[in-house]
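Here's my_file-v7.pdb, which has PDB, C-alpha atoms, pLDDT in the B column:
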```
ATOM      1  CA  MET S   1      87.777 113.103  37.941  1.00 47.00           C
ATOM      2  CA  THR S   2      91.433 114.074  37.887  1.00 45.00           C
ATOM      3  CA  SER S   3      92.447 110.779  39.501  1.00 52.00           C
ATOM      4  CA  ASP S   4      91.688 108.585  36.495  1.00 72.00           C
ATOM      5  CA  ARG S   5      92.282 110.905  33.538  1.00 84.00           C
ATOM      6  CA  LYS S   6      95.375 112.426  31.998  1.00 92.00           C
ATOM      7  CA  ILE S   7      96.266 115.813  33.475  1.00 95.00           C
ATOM      8  CA  VAL S   8      96.405 118.388  30.684  1.00 96.00           C
ATOM      9  CA  LEU S   9      97.131 121.395  32.928  1.00 97.00           C
ATOM     10  CA  SER S  10      99.142 121.535  36.128  1.00 97.00           C
ATOM     11  CA  VAL S  11      99.776 124.875  37.859  1.00 97.00           C
ATOM     12  CA  ARG S  12     102.072 124.865  40.873  1.00 97.00           C
ATOM     13  CA  ASN S  13     102.866 127.691  43.308  1.00 97.00           C
ATOM     14  CA  LEU S  14     102.188 130.341  40.675  1.00 97.00           C
ATOM     15  CA  THR S  15     102.916 133.936  41.661  1.00 97.00           C
ATOM     16  CA  LYS S  16     102.387 137.221  39.845  1.00 97.00           C
ATOM     17  CA  ALA S  17     102.638 140.837  40.980  1.00 95.00           C
ATOM     18  CA  TYR S  18     102.239 144.187  39.255  1.00 90.00           C
ATOM     19  CA  SER S  19     103.485 147.675  40.008  1.00 87.00           C
ATOM     20  CA  ALA S  20     100.766 150.171  40.874  1.00 81.00           C
ATOM     21  CA  ALA S  21     101.317 153.716  42.156  1.00 81.00           C
ATOM     22  CA  GLY S  22     104.941 152.894  42.855  1.00 82.00           C
ATOM     23  CA  GLU S  23     104.079 149.811  44.907  1.00 88.00           C
ATOM     24  CA  ARG S  24     104.317 146.100  44.123  1.00 88.00           C
ATOM     25  CA  VAL S  25     100.857 144.513  44.336  1.00 89.00           C
ATOM     26  CA  ALA S  26     100.691 140.715  44.558  1.00 92.00           C
ATOM     27  CA  VAL S  27      97.820 139.302  42.509  1.00 94.00           C
ATOM     28  CA  LEU S  28      98.629 135.577  42.617  1.00 96.00           C
ATOM     29  CA  ARG S  29     100.358 134.326  45.774  1.00 96.00           C
ATOM     30  CA  GLY S  30     100.976 130.650  45.082  1.00 97.00           C
ATOM     31  CA  VAL S  31      98.157 129.251  42.970  1.00 97.00           C
ATOM     32  CA  ASN S  32      97.826 125.478  42.564  1.00 97.00           C
ATOM     33  CA  LEU S  33      95.425 124.006  40.044  1.00 97.00           C
ATOM     34  CA  THR S  34      95.010 120.935  37.831  1.00 97.00           C
ATOM     35  CA  VAL S  35      92.624 120.219  34.967  1.00 97.00           C
ATOM     36  CA  ALA S  36      92.213 116.737  33.531  1.00 96.00           C
ATOM     37  CA  ALA S  37      91.289 115.711  30.005  1.00 94.00           C
ATOM     38  CA  GLY S  38      87.524 115.965  29.633  1.00 93.00           C
ATOM     39  CA  GLU S  39      87.150 117.802  32.940  1.00 95.00           C
ATOM     40  CA  ARG S  40      85.137 121.022  33.036  1.00 96.00           C
ATOM     41  CA  VAL S  41      86.312 123.420  35.752  1.00 97.00           C
ATOM     42  CA  ALA S  42      84.757 126.748  36.721  1.00 97.00           C
ATOM     43  CA  LEU S  43      86.951 129.484  38.206  1.00 97.00           C
ATOM     44  CA  THR S  44      85.205 132.204  40.193  1.00 96.00           C
ATOM     45  CA  GLY S  45      86.398 135.076  42.332  1.00 94.00           C
ATOM     46  CA  GLU S  46      85.711 138.708  43.107  1.00 91.00           C
ATOM     47  CA  SER S  47      86.449 141.377  40.521  1.00 87.00           C
ATOM     48  CA  GLY S  48      90.185 142.049  40.511  1.00 85.00           C
ATOM     49  CA  SER S  49      91.026 138.741  42.186  1.00 91.00           C
ATOM     50  CA  GLY S  50      93.295 137.701  39.330  1.00 93.00           C
ATOM     51  CA  LYS S  51      91.097 135.289  37.368  1.00 94.00           C
ATOM     52  CA  SER S  52      91.918 136.775  33.967  1.00 91.00           C
ATOM     53  CA  THR S  53      95.560 137.155  34.979  1.00 94.00           C
ATOM     54  CA  LEU S  54      95.714 133.431  35.690  1.00 96.00           C
ATOM     55  CA  LEU S  55      94.192 132.573  32.309  1.00 94.00           C
ATOM     56  CA  HIS S  56      96.618 134.903  30.530  1.00 93.00           C
ATOM     57  CA  LEU S  57      99.559 133.225  32.265  1.00 96.00           C
ATOM     58  CA  ILE S  58      98.314 129.755  31.333  1.00 95.00           C
ATOM     59  CA  ALA S  59      97.881 130.888  27.717  1.00 94.00           C
ATOM     60  CA  GLY S  60     101.392 132.316  27.652  1.00 93.00           C
ATOM     61  CA  LEU S  61     100.110 135.846  27.049  1.00 92.00           C
ATOM     62  CA  ASP S  62     102.036 137.024  30.124  1.00 93.00           C
ATOM     63  CA  ARG S  63     104.886 135.624  32.203  1.00 93.00           C
ATOM     64  CA  ALA S  64     104.621 134.506  35.828  1.00 95.00           C
ATOM     65  CA  ASP S  65     107.026 135.753  38.476  1.00 95.00           C
ATOM     66  CA  GLY S  66     107.380 132.308  40.022  1.00 96.00           C
ATOM     67  CA  GLY S  67     105.978 128.799  40.015  1.00 96.00           C
ATOM     68  CA  THR S  68     105.340 126.461  37.112  1.00 96.00           C
ATOM     69  CA  ILE S  69     102.706 125.890  34.445  1.00 97.00           C
ATOM     70  CA  ASP S  70     102.877 122.458  32.860  1.00 96.00           C
ATOM     71  CA  PHE S  71     100.737 121.916  29.797  1.00 92.00           C
ATOM     72  CA  ALA S  72     100.436 118.275  28.732  1.00 87.00           C
ATOM     73  CA  GLY S  73     104.025 117.609  29.752  1.00 88.00           C
ATOM     74  CA  THR S  74     105.455 120.882  28.413  1.00 90.00           C
ATOM     75  CA  SER S  75     106.641 123.591  30.790  1.00 93.00           C
ATOM     76  CA  ILE S  76     105.364 126.995  29.667  1.00 91.00           C
ATOM     77  CA  SER S  77     108.411 128.713  31.173  1.00 86.00           C
ATOM     78  CA  ASP S  78     110.693 126.711  28.873  1.00 89.00           C
ATOM     79  CA  LEU S  79     109.061 128.133  25.738  1.00 92.00           C
ATOM     80  CA  GLY S  80     110.106 131.237  23.867  1.00 94.00           C
ATOM     81  CA  GLU S  81     107.654 133.530  22.123  1.00 93.00           C
ATOM     82  CA  ALA S  82     107.567 131.341  18.993  1.00 95.00           C
ATOM     83  CA  GLY S  83     106.903 128.256  21.107  1.00 94.00           C
ATOM     84  CA  LEU S  84     104.117 129.990  23.023  1.00 93.00           C
ATOM     85  CA  ALA S  85     102.513 131.162  19.796  1.00 93.00           C
ATOM     86  CA  ALA S  86     102.647 127.603  18.436  1.00 93.00           C
ATOM     87  CA  LEU S  87     101.077 126.308  21.650  1.00 92.00           C
ATOM     88  CA  ARG S  88      98.180 128.766  21.399  1.00 92.00           C
ATOM     89  CA  ARG S  89      97.741 127.968  17.718  1.00 92.00           C
ATOM     90  CA  ASP S  90      97.919 124.176  17.884  1.00 91.00           C
ATOM     91  CA  ARG S  91      96.822 122.992  21.324  1.00 91.00           C
ATOM     92  CA  LEU S  92      94.884 125.739  23.090  1.00 94.00           C
ATOM     93  CA  GLY S  93      91.378 126.996  22.436  1.00 94.00           C
ATOM     94  CA  LEU S  94      90.703 130.537  23.644  1.00 94.00           C
ATOM     95  CA  VAL S  95      87.246 132.060  24.067  1.00 93.00           C
ATOM     96  CA  PHE S  96      86.638 135.506  25.531  1.00 88.00           C
ATOM     97  CA  GLN S  97      83.700 137.707  26.473  1.00 84.00           C
ATOM     98  CA  GLN S  98      84.369 139.706  23.303  1.00 87.00           C
ATOM     99  CA  PHE S  99      83.789 137.385  20.377  1.00 89.00           C
ATOM    100  CA  ASN S 100      86.925 138.447  18.436  1.00 91.00           C
ATOM    101  CA  LEU S 101      85.628 137.199  15.108  1.00 96.00           C
ATOM    102  CA  ILE S 102      87.182 138.406  11.860  1.00 97.00           C
ATOM    103  CA  PRO S 103      84.572 140.733  10.304  1.00 97.00           C
ATOM    104  CA  SER S 104      85.795 140.232   6.731  1.00 98.00           C
ATOM    105  CA  LEU S 105      85.337 136.435   6.935  1.00 98.00           C
ATOM    106  CA  ASP S 106      82.035 134.590   6.807  1.00 98.00           C
ATOM    107  CA  VAL S 107      81.024 132.059   9.454  1.00 98.00           C
ATOM    108  CA  ARG S 108      82.510 129.146   7.517  1.00 97.00           C
ATOM    109  CA  ASP S 109      85.930 130.772   7.264  1.00 98.00           C
ATOM    110  CA  ASN S 110      85.851 132.082  10.837  1.00 97.00           C
ATOM    111  CA  LEU S 111      85.210 128.544  12.053  1.00 97.00           C
ATOM    112  CA  ALA S 112      88.145 127.232  10.021  1.00 97.00           C
ATOM    113  CA  PHE S 113      90.562 130.068  10.768  1.00 96.00           C
ATOM    114  CA  GLN S 114      92.629 128.601  13.626  1.00 95.00           C
ATOM    115  CA  SER S 115      92.557 125.011  12.410  1.00 95.00           C
ATOM    116  CA  ARG S 116      93.795 126.033   8.962  1.00 96.00           C
ATOM    117  CA  ILE S 117      96.670 128.068  10.412  1.00 95.00           C
ATOM    118  CA  ALA S 118      97.553 125.134  12.657  1.00 94.00           C
ATOM    119  CA  GLY S 119      97.465 122.685   9.742  1.00 94.00           C
ATOM    120  CA  ARG S 120      94.840 120.668  11.618  1.00 92.00           C
ATOM    121  CA  HIS S 121      91.736 121.427   9.567  1.00 95.00           C
ATOM    122  CA  ASP S 122      89.184 118.615   9.543  1.00 95.00           C
ATOM    123  CA  ALA S 123      86.263 119.372   7.227  1.00 96.00           C
ATOM    124  CA  ALA S 124      84.056 116.632   8.665  1.00 96.00           C
ATOM    125  CA  TRP S 125      84.653 117.837  12.228  1.00 95.00           C
ATOM    126  CA  GLN S 126      83.909 121.450  11.230  1.00 95.00           C
ATOM    127  CA  THR S 127      80.653 120.334   9.615  1.00 96.00           C
ATOM    128  CA  GLU S 128      79.701 118.496  12.797  1.00 94.00           C
ATOM    129  CA  LEU S 129      80.579 121.521  14.921  1.00 94.00           C
ATOM    130  CA  ALA S 130      78.480 123.802  12.736  1.00 95.00           C
ATOM    131  CA  GLU S 131      75.510 121.459  13.051  1.00 94.00           C
ATOM    132  CA  ARG S 132      75.897 120.956  16.805  1.00 92.00           C
ATOM    133  CA  LEU S 133      76.237 124.708  17.363  1.00 93.00           C
ATOM    134  CA  GLY S 134      73.206 125.537  15.230  1.00 93.00           C
ATOM    135  CA  LEU S 135      75.295 127.359  12.629  1.00 95.00           C
ATOM    136  CA  ALA S 136      74.741 125.138   9.584  1.00 95.00           C
ATOM    137  CA  GLY S 137      72.168 127.539   8.149  1.00 96.00           C
ATOM    138  CA  CYS S 138      74.283 130.676   8.417  1.00 96.00           C
ATOM    139  CA  LEU S 139      77.729 129.631   7.163  1.00 97.00           C
ATOM    140  CA  ASP S 140      77.640 132.283   4.425  1.00 97.00           C
ATOM    141  CA  ARG S 141      76.776 135.114   6.802  1.00 98.00           C
ATOM    142  CA  TYR S 142      79.242 137.585   8.258  1.00 98.00           C
ATOM    143  CA  PRO S 143      79.655 138.364  11.988  1.00 97.00           C
ATOM    144  CA  GLU S 144      77.698 141.622  11.751  1.00 96.00           C
ATOM    145  CA  GLN S 145      74.715 139.618  10.495  1.00 97.00           C
ATOM    146  CA  LEU S 146      74.648 137.372  13.566  1.00 96.00           C
ATOM    147  CA  SER S 147      73.175 137.719  17.036  1.00 94.00           C
ATOM    148  CA  GLY S 148      75.481 137.842  20.035  1.00 92.00           C
ATOM    149  CA  GLY S 149      74.691 134.230  20.869  1.00 92.00           C
ATOM    150  CA  GLN S 150      75.457 133.128  17.337  1.00 94.00           C
ATOM    151  CA  GLN S 151      78.756 135.021  17.331  1.00 94.00           C
ATOM    152  CA  GLN S 152      79.820 133.335  20.547  1.00 92.00           C
ATOM    153  CA  ARG S 153      78.905 129.953  19.095  1.00 92.00           C
ATOM    154  CA  VAL S 154      81.197 130.711  16.159  1.00 96.00           C
ATOM    155  CA  ALA S 155      83.981 131.686  18.573  1.00 94.00           C
ATOM    156  CA  ILE S 156      83.541 128.418  20.486  1.00 94.00           C
ATOM    157  CA  GLY S 157      83.436 126.418  17.271  1.00 95.00           C
ATOM    158  CA  ARG S 158      86.613 128.097  16.027  1.00 96.00           C
ATOM    159  CA  ALA S 159      88.389 127.242  19.286  1.00 94.00           C
ATOM    160  CA  LEU S 160      87.242 123.610  19.201  1.00 94.00           C
ATOM    161  CA  ALA S 161      87.854 123.088  15.466  1.00 95.00           C
ATOM    162  CA  VAL S 162      91.578 122.699  16.149  1.00 94.00           C
ATOM    163  CA  LYS S 163      90.781 119.868  18.590  1.00 93.00           C
ATOM    164  CA  PRO S 164      92.681 121.498  21.469  1.00 94.00           C
ATOM    165  CA  LEU S 165      93.902 119.759  24.583  1.00 94.00           C
ATOM    166  CA  LEU S 166      92.594 122.613  26.716  1.00 96.00           C
ATOM    167  CA  LEU S 167      89.876 125.231  26.223  1.00 96.00           C
ATOM    168  CA  LEU S 168      90.315 128.452  28.191  1.00 96.00           C
ATOM    169  CA  ALA S 169      87.178 130.579  28.407  1.00 94.00           C
ATOM    170  CA  ASP S 170      87.122 134.011  30.080  1.00 92.00           C
ATOM    171  CA  GLU S 171      83.534 135.058  30.885  1.00 90.00           C
ATOM    172  CA  PRO S 172      82.347 133.543  27.582  1.00 89.00           C
ATOM    173  CA  THR S 173      78.691 134.261  28.328  1.00 86.00           C
ATOM    174  CA  GLY S 174      79.193 137.681  29.899  1.00 85.00           C
ATOM    175  CA  ASN S 175      77.655 139.549  26.958  1.00 85.00           C
ATOM    176  CA  LEU S 176      74.684 137.213  26.579  1.00 86.00           C
ATOM    177  CA  ASP S 177      71.255 137.159  28.175  1.00 89.00           C
ATOM    178  CA  GLU S 178      70.607 134.391  30.688  1.00 90.00           C
ATOM    179  CA  THR S 179      68.711 132.046  28.364  1.00 91.00           C
ATOM    180  CA  THR S 180      71.263 132.379  25.558  1.00 88.00           C
ATOM    181  CA  ALA S 181      74.107 131.996  28.055  1.00 88.00           C
ATOM    182  CA  ASP S 182      72.597 128.751  29.340  1.00 91.00           C
ATOM    183  CA  ASP S 183      72.222 127.391  25.796  1.00 91.00           C
ATOM    184  CA  VAL S 184      75.758 128.342  24.770  1.00 88.00           C
ATOM    185  CA  LEU S 185      77.279 126.875  27.920  1.00 91.00           C
ATOM    186  CA  ALA S 186      75.304 123.639  27.577  1.00 92.00           C
ATOM    187  CA  LEU S 187      76.635 123.205  24.050  1.00 91.00           C
ATOM    188  CA  THR S 188      80.165 123.964  25.232  1.00 91.00           C
ATOM    189  CA  ARG S 189      79.931 121.413  28.050  1.00 92.00           C
ATOM    190  CA  ASP S 190      78.737 118.720  25.646  1.00 91.00           C
ATOM    191  CA  LEU S 191      81.364 119.455  23.002  1.00 91.00           C
ATOM    192  CA  VAL S 192      84.178 119.520  25.567  1.00 91.00           C
ATOM    193  CA  LEU S 193      83.058 116.138  26.842  1.00 88.00           C
ATOM    194  CA  GLN S 194      82.865 114.810  23.275  1.00 89.00           C
ATOM    195  CA  THR S 195      86.343 116.027  22.304  1.00 90.00           C
ATOM    196  CA  GLY S 196      87.947 115.036  25.593  1.00 92.00           C
ATOM    197  CA  CYS S 197      89.725 118.361  26.036  1.00 95.00           C
ATOM    198  CA  GLY S 198      89.873 120.083  29.399  1.00 96.00           C
ATOM    199  CA  LEU S 199      87.874 123.250  30.070  1.00 97.00           C
ATOM    200  CA  LEU S 200      88.831 126.047  32.462  1.00 97.00           C
ATOM    201  CA  MET S 201      86.129 128.714  32.461  1.00 96.00           C
ATOM    202  CA  VAL S 202      86.235 132.002  34.322  1.00 95.00           C
ATOM    203  CA  THR S 203      82.767 133.153  35.337  1.00 92.00           C
ATOM    204  CA  HIS S 204      81.243 135.550  37.830  1.00 89.00           C
ATOM    205  CA  SER S 205      78.116 133.399  37.991  1.00 90.00           C
ATOM    206  CA  THR S 206      78.002 130.772  40.723  1.00 90.00           C
ATOM    207  CA  ARG S 207      74.860 129.453  39.013  1.00 91.00           C
ATOM    208  CA  LEU S 208      76.760 128.703  35.803  1.00 91.00           C
ATOM    209  CA  ALA S 209      79.771 127.470  37.761  1.00 94.00           C
ATOM    210  CA  ALA S 210      77.570 124.867  39.441  1.00 95.00           C
ATOM    211  CA  THR S 211      76.817 123.272  36.048  1.00 93.00           C
ATOM    212  CA  LEU S 212      80.453 122.247  35.519  1.00 95.00           C
ATOM    213  CA  ASP S 213      82.264 119.255  37.005  1.00 96.00           C
ATOM    214  CA  ARG S 214      84.265 121.250  39.537  1.00 96.00           C
ATOM    215  CA  HIS S 215      84.176 124.751  40.951  1.00 96.00           C
ATOM    216  CA  VAL S 216      87.238 126.492  42.394  1.00 97.00           C
ATOM    217  CA  ASN S 217      87.398 130.018  43.814  1.00 96.00           C
ATOM    218  CA  LEU S 218      90.279 132.481  43.633  1.00 96.00           C
ATOM    219  CA  SER S 219      90.555 134.667  46.724  1.00 94.00           C
ATOM    220  CA  ALA S 220      93.459 136.609  48.242  1.00 91.00           C
ATOM    221  CA  GLY S 221      95.724 135.263  45.512  1.00 93.00           C
ATOM    222  CA  LEU S 222      95.039 131.615  46.313  1.00 95.00           C
ATOM    223  CA  ILE S 223      92.625 128.986  45.051  1.00 95.00           C
ATOM    224  CA  ALA S 224      90.239 127.406  47.504  1.00 79.00           C
TER     225      ALA S 224
END
```

As a first step, turn the structure in this file into structure tokens.
Amino acid sequence: MTSDRKIVLSVRNLTKAYSAAGERVAVLRGVNLTVAAGERVALTGESGSGKSTLLHLIAGLDRADGGTIDFAGTSISDLGEAGLAALRRDRLGLVFQQFNLIPSLDVRDNLAFQSRIAGRHDAAWQTELAERLGLAGCLDRYPEQLSGGQQQRVAIGRALAVKPLLLLADEPTGNLDETTADDVLALTRDLVLQTGCGLLMVTHSTRLAATLDRHVNLSAGLIA
């Protein structure tokens, strides 16, 4: 798929190490990865293999020791903190295992939160997202009044409302039962394809990984 679509993410020779017990521990040893527009990529690996570290580096939440991260023609390493914040606000969608909804806002305002801050709010698109995600009947509810599956649907809708170039998802179904996880992921796959953004999803489930377009595995600091 990457051969005939625009590359939205290009990671080259990425390295990252941390200090632990007075020693330098290499987590990423030269990671190479690309994600194309509309491509849905699963990233698996053993616990502690560096999957979340890689996502945090791509999102600009941490800095790499070496290598490059190119996001739609922009080098992450060339951006300061303000530039990274703008990137996350305007062009990246982030979804985590914890739903991270704002408890004082209802579903409608949670969905609109990022897109309004980014100045990219599209009321018609938000309405479509709410309908596609099965949230149209609970827009006036608050997060505490929703099931876990509904909360994660809101989190996904919020991330996609800004019409990002890339959606990064870190174990987005980890807190959901298998049936709900399947439903949420199916909706995410369809919406990603509809919007044309890329998807990089960290998951421990090889079963869920097999439902995406491509499956890569992180092991010993490298992607296979």

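For the pair CA of Asn32 (chain S) and CA of Gly67 (chain S), the interatomic distance is 9.2 Å.
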
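In this comparison, which uses all atoms listed in the file, the residue of S:Leu165, S:Ala20, S:Leu101, S:Leu218 approaching Arg88 (chain S) most closely is S:Leu165.
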
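Here CA of Leu9 (chain S) and CA of Ala59 (chain S) stand 10.9 Å from one another.
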
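Among the candidates S:Glu128, S:Asp170, S:Asp65, S:Asp70, the residue lying nearest to Ala26 (chain S) is S:Asp65 (atoms considered: all atoms listed in the file).
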
Run the PyMOL selection byres ((chain S and resi 189-202) around 7) mentally over the shown coordinates, then write out the matched residues as an NGL selection string, using the chain letters and numbers from the document.
-> :S and (8 or 35-44 or 51 or 163-171 or 185-188 or 203)

Suppose we keep C-alpha atoms; can you now write the selection as a PDB file, in the coordinates of the input?
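Wrote out-v9.pdb, looks like this:
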```pdb
ATOM      1  CA  VAL S   8      96.405 118.388  30.684  1.00 96.00           C
ATOM      2  CA  VAL S  35      92.624 120.219  34.967  1.00 97.00           C
ATOM      3  CA  ALA S  36      92.213 116.737  33.531  1.00 96.00           C
ATOM      4  CA  ALA S  37      91.289 115.711  30.005  1.00 94.00           C
ATOM      5  CA  GLY S  38      87.524 115.965  29.633  1.00 93.00           C
ATOM      6  CA  GLU S  39      87.150 117.802  32.940  1.00 95.00           C
ATOM      7  CA  ARG S  40      85.137 121.022  33.036  1.00 96.00           C
ATOM      8  CA  VAL S  41      86.312 123.420  35.752  1.00 97.00           C
ATOM      9  CA  ALA S  42      84.757 126.748  36.721  1.00 97.00           C
ATOM     10  CA  LEU S  43      86.951 129.484  38.206  1.00 97.00           C
ATOM     11  CA  THR S  44      85.205 132.204  40.193  1.00 96.00           C
ATOM     12  CA  LYS S  51      91.097 135.289  37.368  1.00 94.00           C
ATOM     13  CA  LYS S 163      90.781 119.868  18.590  1.00 93.00           C
ATOM     14  CA  PRO S 164      92.681 121.498  21.469  1.00 94.00           C
ATOM     15  CA  LEU S 165      93.902 119.759  24.583  1.00 94.00           C
ATOM     16  CA  LEU S 166      92.594 122.613  26.716  1.00 96.00           C
ATOM     17  CA  LEU S 167      89.876 125.231  26.223  1.00 96.00           C
ATOM     18  CA  LEU S 168      90.315 128.452  28.191  1.00 96.00           C
ATOM     19  CA  ALA S 169      87.178 130.579  28.407  1.00 94.00           C
ATOM     20  CA  ASP S 170      87.122 134.011  30.080  1.00 92.00           C
ATOM     21  CA  GLU S 171      83.534 135.058  30.885  1.00 90.00           C
ATOM     22  CA  LEU S 185      77.279 126.875  27.920  1.00 91.00           C
ATOM     23  CA  ALA S 186      75.304 123.639  27.577  1.00 92.00           C
ATOM     24  CA  LEU S 187      76.635 123.205  24.050  1.00 91.00           C
ATOM     25  CA  THR S 188      80.165 123.964  25.232  1.00 91.00           C
ATOM     26  CA  THR S 203      82.767 133.153  35.337  1.00 92.00           C
TER      27      THR S 203
END
```

Within 10 Å of (87.5, 123.5, 8.2), in the coordinates the file gives, what residues turn up when you count all atoms listed in the file, written out as a VMD selection string?
-> chain S and resid 108 to 116 120 to 127 129 158 161 to 162

Only C-alpha atoms, please: the residues just picked out, written as a CSV table (one decimal), in the coordinates of the input.
```
chain,number,residue,atom,x,y,z
S,108,ARG,CA,82.5,129.1,7.5
S,109,ASP,CA,85.9,130.8,7.3
S,110,ASN,CA,85.9,132.1,10.8
S,111,LEU,CA,85.2,128.5,12.1
S,112,ALA,CA,88.1,127.2,10.0
S,113,PHE,CA,90.6,130.1,10.8
S,114,GLN,CA,92.6,128.6,13.6
S,115,SER,CA,92.6,125.0,12.4
S,116,ARG,CA,93.8,126.0,9.0
S,120,ARG,CA,94.8,120.7,11.6
S,121,HIS,CA,91.7,121.4,9.6
S,122,ASP,CA,89.2,118.6,9.5
S,123,ALA,CA,86.3,119.4,7.2
S,124,ALA,CA,84.1,116.6,8.7
S,125,TRP,CA,84.7,117.8,12.2
S,126,GLN,CA,83.9,121.4,11.2
S,127,THR,CA,80.7,120.3,9.6
S,129,LEU,CA,80.6,121.5,14.9
S,158,ARG,CA,86.6,128.1,16.0
S,161,ALA,CA,87.9,123.1,15.5
S,162,VAL,CA,91.6,122.7,16.1
```

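The interatomic distance for the pair CA of Asn175 (chain S) and CA of Gln97 (chain S) works out to 6.3 Å.
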
Using all atoms listed in the file, the shortest atom-to-atom distance to Phe99 (chain S) among S:Thr68, S:Gln145, S:Thr179, S:Gln150 belongs to S:Gln150

Which residues come within 6 Å of Val107 (chain S), counting all atoms listed in the file, excluding same-chain residues fewer than 3 positions away, as a VMD selection string?
-> chain S and resid 110 139 141 to 142

Could you list the residues chosen by the PyMOL selection byres ((chain S and resi 85) around 12) in this structure as a PDB file with C-alpha atoms, in the coordinates of the input?
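What follows is the written file result.pdb:
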```pdb
ATOM      1  CA  ALA S  59      97.881 130.888  27.717  1.00 94.00           C
ATOM      2  CA  GLY S  60     101.392 132.316  27.652  1.00 93.00           C
ATOM      3  CA  LEU S  61     100.110 135.846  27.049  1.00 92.00           C
ATOM      4  CA  ASP S  62     102.036 137.024  30.124  1.00 93.00           C
ATOM      5  CA  ILE S  76     105.364 126.995  29.667  1.00 91.00           C
ATOM      6  CA  LEU S  79     109.061 128.133  25.738  1.00 92.00           C
ATOM      7  CA  GLY S  80     110.106 131.237  23.867  1.00 94.00           C
ATOM      8  CA  GLU S  81     107.654 133.530  22.123  1.00 93.00           C
ATOM      9  CA  ALA S  82     107.567 131.341  18.993  1.00 95.00           C
ATOM     10  CA  GLY S  83     106.903 128.256  21.107  1.00 94.00           C
ATOM     11  CA  LEU S  84     104.117 129.990  23.023  1.00 93.00           C
ATOM     12  CA  ALA S  86     102.647 127.603  18.436  1.00 93.00           C
ATOM     13  CA  LEU S  87     101.077 126.308  21.650  1.00 92.00           C
ATOM     14  CA  ARG S  88      98.180 128.766  21.399  1.00 92.00           C
ATOM     15  CA  ARG S  89      97.741 127.968  17.718  1.00 92.00           C
ATOM     16  CA  ASP S  90      97.919 124.176  17.884  1.00 91.00           C
ATOM     17  CA  ARG S  91      96.822 122.992  21.324  1.00 91.00           C
ATOM     18  CA  LEU S  92      94.884 125.739  23.090  1.00 94.00           C
ATOM     19  CA  GLN S 114      92.629 128.601  13.626  1.00 95.00           C
ATOM     20  CA  ILE S 117      96.670 128.068  10.412  1.00 95.00           C
ATOM     21  CA  ALA S 118      97.553 125.134  12.657  1.00 94.00           C
TER      22      ALA S 118
END
```
